[in-house]
Amino acid sequence: MGLIFQNISKKYGAVVAIKHAEMEIENGEVRAILGGNGSGKSTLAKALGGLISKNSGEIIFDGQSIDFKSPKEAKKNHVIMTSQELSLFGNLTVEENICICDVPLKGIFTDKKRIKEKSLEILKVMKLENIATKKVEDLAPNQQYMVELAKALVQEPKLLIIDEITSALYREDVEIVDDIIKDLKKKGCMVLFISHRMSELYAMCDSVTIMKNGETLGTYPMQEKTESELLSLMVGSKVETGRQHKNRQAKSEKDILIKAPHIKIPSYGTEESLEIRKGEIIGVAGLQGHGQTDLVNSLYGNLGEIKIIIDGKEVSIHNSRQAVSNGFAFISGDRERDGTFQERNLAENLAAVKELVKHEKIGDSRSVLDSFNVKYDNPGQLITALSGGNQQKVVVGRWLSTKPRLLLANDPTKGIDVKARTDLHKEFVKLAEEGNAVIMISSDDDELVNVTSMAECSRVIVMYEGHISAILEGDAITRENISAASMPIEEKQMQA
Amino acid sequence: MKTLKKLNNPYLPAIIGTVALLILGQCLSKGFLSMNNISSILMTTSILTLASIGQAAVIISGDSGLDMSVGAIMSMTALFGPMINVGSGVASFILMIPAVMLMGAVVGAINGTGVQMLKVVPLVMTLIMSNVVDGFSIMVTKGQPSVMVGKELQGISKTLVGPLRILPTVVLIVLILLEVLFLRRSRYGRSLFLAGNNRNAANLCGINSKKIIILAYVFGGAMAGFAGLMLVGYAGTAQMNMASSYTMLSVAAVVIGGTKLTGGKGTFIGGALGALVLVLITNILQALNMAAGLRSLIQGIILIVILMMNSRAPKLRQ
Amino acid sequence: MNKVKKLMSWNAFPALLLFVIFLGINGVMTGGLSVSFFRSFISTNAGAICVAIGVTATILVAGTDISLGSIVSLVNVVIVTAFEKGFSVPQAALLGLLTAVLCGMFNGFVVGIMRVNPLLATFATSIAFAGIALWILPYPGGYIDFTFGDWYLGNMFGIIPTPVVLIAILVLIWIFVMKLPVGLHIYALGKDVKKAYASGINVAALRFFVHTFAGLAAGVAGICISANICAGSPTVGSAMSMNSIAAAVIGGVSLNGGIGGIWSGIFGASFLSILISIVVSANLSSIVQSFIQGLILLIGVTVSIAASDKEIKTKIKRAIGGKR
């Protein structure tokens with residue numbers, strides 16, 4: 001019984017995505033799959049869900065050898081895969097989305113009543129009954145992810161594959177997901193959980209399979225390995241998480257680089273002010289969607305004109321070009337949408353800002369790529385030939401080669417493996433140490449604690465409903481303090 | 001390995017197609033490879049190439065960019081271009097070129113503005129503009145064009161450079177100059193690729209994508225305007241809608257030349273090769289004295305086959 | 001109140017409203033609305049409406065079909081030729097319809113199964129179909145028995161004009177499809193192909209179906225037009241492809257797919273048709289007419305797209321609010 005992978009391999013053209021993957025899962029087991037970018041986790045998940053074909057090997061599910069030719073066939077066998085990029089239709093309602101894979105019928109017609117009943121049943125568990133008739137495009141991101149999960153659950157999975165679904169959930173939502181998964185376990189459903197978030201993996205999973213370079217390295221009971229043991233298995237070498245504890249001083253007397261008295265946060269209709277000092281790394285924390293993204297977009301001039309004071313001089317910025325010429329840089333975690341030019345090669349991707357906007361020569365692209373530790377064959381290859389982490393390094397290289405005064409980064413390490421993450425952190429710190437400033441959003445509080453501890457001078461600002469609810473400095477930057485400031489209302493309720 | 005890689009380039013289908021068609025043409029009709037016929041093939045190819053250069057720029061600009069007004073612009077400038085008369089024939093001819101390019105550029109600017117500012121889908125915007133332009137041509141000429149094509153303008157097909165007529169030579173030079181200096185080297189060309197590939201990212205980099213894309217339509221219009229003048233110079237007379245078939249021919253040429261319709265990638269030279277293939281097909285069918293309907297059927301079928309070989313979307317399941 | 005709101009936010013509503021307004025204007029210009037005006041309007045424009053229905057279906061799945069005009073021409077040519085070869089009128093009409101469905105299936109094959117970009121694919125097939133039409137009937141000519149015209153201009157079931165019945169048949173087929181799970185799948189596919197595939201939707205089959213339906217719609221349009229003119233012309237439908245896309249857009253169908261519906265196509269086409277008939281009846285010289293028609297299309301499409309664009313909407317709102 002259960003699920004057995006034997007010797008699975010998959011090639012995309014000449015690129016080997018997985019080779020000889022082996023794994024066994026028992027009924028009712030929740031298995032984490034952990035690995036860096038390009039380690040083949042998602043490919044494995046897609047092969048299982050029938051989205052892609054495998055080149056060799058056998059998958060044995062419930063004692064039978066299976067080879068799904070399409071997602072439809074996989075779904076018939078209750079093998080359900082969900083992933084952020086492949087699930088919901090914005091133009092349909094939540095209930096339609098939930099039932100679209102298996103539309104209930106009355107005769108040959110769609111049974112609208114059953115659609116409603118079926119989806120309400122599941123939405124109730126998630127405490128989201130009120131969104132059933134809304135269109136998905138009108139939902140907040142975290143609600144969309146919950147609907148995605150609901151869509152998977154309604155198909156009564158025997159094997160549920162969750163590919164990075166939890167990376168944007170509120171903490172309360174994570175608890176609901178936790179409950180749902182426990183319930184699935186009881187029913188004997190197998191769950192494959194792909195995520196980069198260690199704390200969630202520890203909370204939900206029984207065991208973990210490590211993948212590296214397309215191979216499965218081994219499976220361990222989750223509780224037997226510590227976080228750093230798992231990470232070093234994944235990377236293949238000892239990882240220093242970057243905590244170096246430099247002298248954390250609240251050096252408020254440092255020179256001010258930029259004063260921004262009116263930063264508009266349109267999502268909440270509020271305004272905030274910020275003083276950015278030279279050599280400083282400012283971490284921006286808070287629950288998803290509480291105005292962090294607006295804050296950096298606003299500073300970059302993406303949300304209309306903004307007046308700021310740089311080096312004592314007042315400047316107004318109302319588009320990216322002006323921001324760039326004032327020495328700003330903008331790195332987004334959504335590489336595909338905001339970062340890479342996928343049809344173009346590395347050299348062109350690298351030179352986009354420096355040569356085309358700032359009209360300076362970038363020089364030899366090889367040396368620039370090397371200086372950012374990018375793994376590549378030659379600068380003429382397409383950027384999509386690189387792994388996600390390396391693509392992001394190219395994007396970072398594009399900006400850092402312009403020697404920015406202020407780097408704005410919106411969750412720049414989203415979906416990147418630990419090694420690449422640490423590399424980027426080091427670059428950010430180096431930039432700050434040269435007398436510039438970095439403002440970095442992260443959905444991962446631990447990351448902020450890490451980065452800020454590496455820099456000489458740093459703060460973490462926590463946002464709540466469009467306001468800065470706390471500014472943490474020095475030793476006050478801890479996970480606990482960030483969490484507390486992210487949900488100030490609960491505190492008030494507790495006091496009351 | 002390297003030679004293999006070189007062979008596997010986007011021009012390959014067009015080159016193979018050209019060679020195959022030349023052989024086929026010679027087999028089917030004796031005089032096909034005569035200097036005279038080749039020279040006339042090259043003339044038509046040159047005109048289509050000019051149109052396809054503009055079309056390629058628009059397609060590269062992304063956002064499902066497409067210029068369906070190429071034919072209408074060409075027809076318009078074919079009608080109005082020769083009307084320019086400032087006394088001396090040579091002066092008129094020299095004035096005609098910037099004038100027709102300006103006419104085309106104006107239409108292109110409207111296209112670009114509609115697409116970028118009002119966010120009308122390019123296909124629809126440019127299709128409708130082609131209607132407007134055609135209507136405009138009818139209105140101005142009152143539906144009865146009487147065009148005198150001056151001998152300087154006709155000279156583009158009569159003057160010889162070595163064994164070739166002058167236009168193909170000029171177009172070849174223009175093509176290579178535009179490809180290398182404009183598309184690949186210039187700041188504008190490189191920005192065009194980036195804006196066409198990922199507009200959002202280009203904007204964040206500080207590239208003004210809107211301006212870049214609108215300029216691509218302006219460039220496309222100007223090239224079409226120029227192509228229209230060359231067409232009338234070659235044909236010697238002008239009629240209403242004489243270039244309407246060039247719209248889709250230019251799209252097809254660009255596609256056969258290996259440019260992706262999704263934008264951000266492509267070449268002018270590929271479009272020229274595609275144009276050559278298309279002209280060869282038409283020429284062979286004409287040489288066989290086929291009925292117009294049958295000819296068009298065969299053209300359609302060939303195009304379908306090329307599309308099925310050359311521009312299929314990737315499989316959903318890999 | 002709620003129902004009114006729902007009607008207002010219906011994406012075919014602006015086109016319906018415009019149609020009614022311009023129907024009124026036309027009434028004023030020609031001296032009152034009459035049943036006979038409506039009858040002649042519907043019999044002249046039923047073809048355009050049918051083609052718009054067909055093209056709307058393809059646009060809904062984020063495709064398009066620019067070969068429908070050529071199919072209309074081909075149907076016309078087939079009916080005329082078949083009739084002259086000795087087939088009865090109904091036989092000839094059915095033969096035309098069959099041809100159209102086959103053409104649609106061919107489009108569906110190239111687009112759905114061979115995965116060629118729908119715009120390019122139907123461009124290529126439109127050349128082929130128009131070529132066949134021109135091959136069969138090189139010059140306008142031929143005639144069809146006037147019983148065909150009488151049937152078309154007459155009533156069915158006693159009171160309903162035949163063109164209305166023909167349109168209604170297409171609408172009923174579409175409504176039937178929408179009630180099936182496939183209806184949901186069409187909107188899902190229009191939004192995102194990859195997601196649709198991952199959700200277990202048979203993408204190729206759905207595209208094949210949509211193009212076949214568009215072919216059927218073009219076939220019905222071909223019957224309408226043939227019956228209306230009772231003669232043959234190999235280029236009778238050439239302008240219809242483009243006008244139908246414009247009609248769908250004006251009716252509120254999003255060219256990105258997944259938004260809009262069959263009524264959008266119907267009211268968009270009706271609105272365009274009434275506008276054109278106003279231009280014609282305004283006694284403008286024919287030289288100016290095509291320019292003005294072009295301008296109308298341009299304004300209609302830009303306005304309807306700008307009006308449905310959220311960003312532009314808020315900009316306009318802000319501008320108006322600012323003035324206050």
# chains A, B, ... in the order shown; residues from 1 in each chain; ligands from 1
>>> closest_atom_pairs(of="chain C", to="chain A", cutoff="6 Å", atoms="only C-alpha atoms", output="JSON lines")
{"residue": "C:Lys179", "atom": "CA", "partner": "A:Phe109", "partner_atom": "CA", "distance": 5.5}
{"residue": "C:Leu180", "atom": "CA", "partner": "A:Phe109", "partner_atom": "CA", "distance": 4.6}
{"residue": "C:Pro181", "atom": "CA", "partner": "A:Thr110", "partner_atom": "CA", "distance": 5.3}
{"residue": "C:Lys195", "atom": "CA", "partner": "A:Leu86", "partner_atom": "CA", "distance": 4.7}
{"residue": "C:Ala198", "atom": "CA", "partner": "A:Pro71", "partner_atom": "CA", "distance": 5.7}
{"residue": "C:Ser199", "atom": "CA", "partner": "A:Cys101", "partner_atom": "CA", "distance": 5.4}
{"residue": "C:Gly200", "atom": "CA", "partner": "A:Lys72", "partner_atom": "CA", "distance": 4.0}
>>> select_by_dssp(residues="segment 123-315 of chain A", states="alpha helix (DSSP H)", output="ChimeraX atom specification")
/A:123-125,141-153,171-186,198-204,227-235,292-299
>>> interface_residues(of="chain B", to="chain A", cutoff="6 Å", atoms="only C-alpha atoms", output="ChimeraX atom specification")
/B:187,197-198,200-201,204-206,317-318
>>> write_last_selection(atoms="C-alpha atoms", output="PDB file, in the first residue's frame")
ATOM      1  CA  ARG B 187      19.826  51.683 -27.194  1.00  0.00           C
ATOM      2  CA  ASN B 197       9.703  40.603 -23.529  1.00  0.00           C
ATOM      3  CA  ASN B 198       8.637  41.782 -20.077  1.00  0.00           C
ATOM      4  CA  ASN B 200       6.660  45.226 -16.219  1.00  0.00           C
ATOM      5  CA  ALA B 201      10.295  44.446 -15.542  1.00  0.00           C
ATOM      6  CA  LEU B 204      10.863  48.887 -13.137  1.00  0.00           C
ATOM      7  CA  CYS B 205      14.306  49.166 -14.726  1.00  0.00           C
ATOM      8  CA  GLY B 206      13.434  52.704 -15.695  1.00  0.00           C
ATOM      9  CA  ARG B 317       2.247  18.214 -21.253  1.00  0.00           C
ATOM     10  CA  GLN B 318       6.030  17.986 -21.477  1.00  0.00           C
TER      11      GLN B 318
END
>>> closest_residue(among="B:Val255, B:Leu276, B:Ile212, B:Ala287", to="chain C", atoms="only C-alpha atoms")
B:Val255
>>> interface_residues(of="chain C", to="chain B", cutoff="9 Å", atoms="only C-alpha atoms", output="VMD selection string")
chain C and resid 110 114 to 117 120 to 138 193 to 194 197 242 to 243 245 to 246 249 255 to 256 286 to 295 297 to 298 301 to 303 305 to 306 309 312
>>> residues_around(residues="Leu215 of chain B", least_positions_apart="6", cutoff="10 Å", atoms="only C-alpha atoms", output="MDAnalysis selection string")
chainID B and resid 57:58 61 105 108:109 112:113 188 192 209 221
>>> closest_residue(among="A:Asn390, A:Gln223, A:Gln143, A:Thr93", to="Cys205 of chain A", atoms="only C-alpha atoms")
A:Gln223
>>> decode(residues="segment 93-117 of chain C", atoms="N, CA and C atoms", output="short mmCIF file (atom, residue, chain, number, x, y, z; two decimals), in the first residue's frame")
data_model
loop_
_atom_site.label_atom_id
_atom_site.label_comp_id
_atom_site.auth_asym_id
_atom_site.auth_seq_id
_atom_site.Cartn_x
_atom_site.Cartn_y
_atom_site.Cartn_z
N ALA C 93 -29.15 24.36 -49.17
CA ALA C 93 -28.87 25.09 -47.93
C ALA C 93 -28.17 24.18 -46.92
N LEU C 94 -28.66 22.93 -46.83
CA LEU C 94 -28.03 22.00 -45.90
C LEU C 94 -26.59 21.70 -46.30
N LEU C 95 -26.38 21.59 -47.61
CA LEU C 95 -25.03 21.36 -48.11
C LEU C 95 -24.10 22.51 -47.70
N GLY C 96 -24.64 23.74 -47.82
CA GLY C 96 -23.87 24.91 -47.41
C GLY C 96 -23.52 24.86 -45.94
N LEU C 97 -24.53 24.49 -45.14
CA LEU C 97 -24.34 24.42 -43.69
C LEU C 97 -23.26 23.38 -43.34
N LEU C 98 -23.35 22.25 -44.04
CA LEU C 98 -22.39 21.18 -43.79
C LEU C 98 -20.97 21.65 -44.12
N THR C 99 -20.85 22.35 -45.27
CA THR C 99 -19.54 22.89 -45.66
C THR C 99 -18.99 23.77 -44.54
N ALA C 100 -19.85 24.63 -44.02
CA ALA C 100 -19.40 25.56 -42.99
C ALA C 100 -18.93 24.82 -41.76
N VAL C 101 -19.70 23.79 -41.35
CA VAL C 101 -19.30 23.04 -40.16
C VAL C 101 -17.96 22.35 -40.40
N LEU C 102 -17.79 21.79 -41.61
CA LEU C 102 -16.51 21.15 -41.91
C LEU C 102 -15.36 22.16 -41.84
N CYS C 103 -15.60 23.35 -42.40
CA CYS C 103 -14.57 24.40 -42.34
C CYS C 103 -14.24 24.71 -40.88
N GLY C 104 -15.29 24.85 -40.07
CA GLY C 104 -15.09 25.13 -38.65
C GLY C 104 -14.29 24.03 -37.98
N MET C 105 -14.63 22.76 -38.33
CA MET C 105 -13.90 21.65 -37.74
C MET C 105 -12.43 21.69 -38.16
N PHE C 106 -12.20 22.08 -39.40
CA PHE C 106 -10.81 22.17 -39.85
C PHE C 106 -10.06 23.23 -39.04
N ASN C 107 -10.70 24.39 -38.86
CA ASN C 107 -10.11 25.42 -37.99
C ASN C 107 -9.81 24.85 -36.61
N GLY C 108 -10.81 24.14 -36.09
CA GLY C 108 -10.66 23.56 -34.76
C GLY C 108 -9.49 22.58 -34.71
N PHE C 109 -9.33 21.84 -35.78
CA PHE C 109 -8.21 20.89 -35.85
C PHE C 109 -6.88 21.63 -35.81
N VAL C 110 -6.76 22.67 -36.65
CA VAL C 110 -5.48 23.39 -36.72
C VAL C 110 -5.19 24.11 -35.40
N VAL C 111 -6.22 24.74 -34.85
CA VAL C 111 -6.01 25.52 -33.63
C VAL C 111 -5.92 24.62 -32.40
N GLY C 112 -6.88 23.69 -32.29
CA GLY C 112 -6.97 22.91 -31.06
C GLY C 112 -5.96 21.79 -31.02
N ILE C 113 -5.93 21.00 -32.07
CA ILE C 113 -5.12 19.80 -32.01
C ILE C 113 -3.68 20.07 -32.45
N MET C 114 -3.53 20.93 -33.50
CA MET C 114 -2.17 21.24 -33.92
C MET C 114 -1.56 22.42 -33.15
N ARG C 115 -2.35 23.05 -32.31
CA ARG C 115 -1.88 24.13 -31.43
C ARG C 115 -1.22 25.29 -32.18
N VAL C 116 -1.80 25.70 -33.30
CA VAL C 116 -1.29 26.87 -33.99
C VAL C 116 -2.03 28.08 -33.44
N ASN C 117 -1.34 29.19 -33.32
CA ASN C 117 -1.96 30.43 -32.86
C ASN C 117 -3.24 30.71 -33.66
#
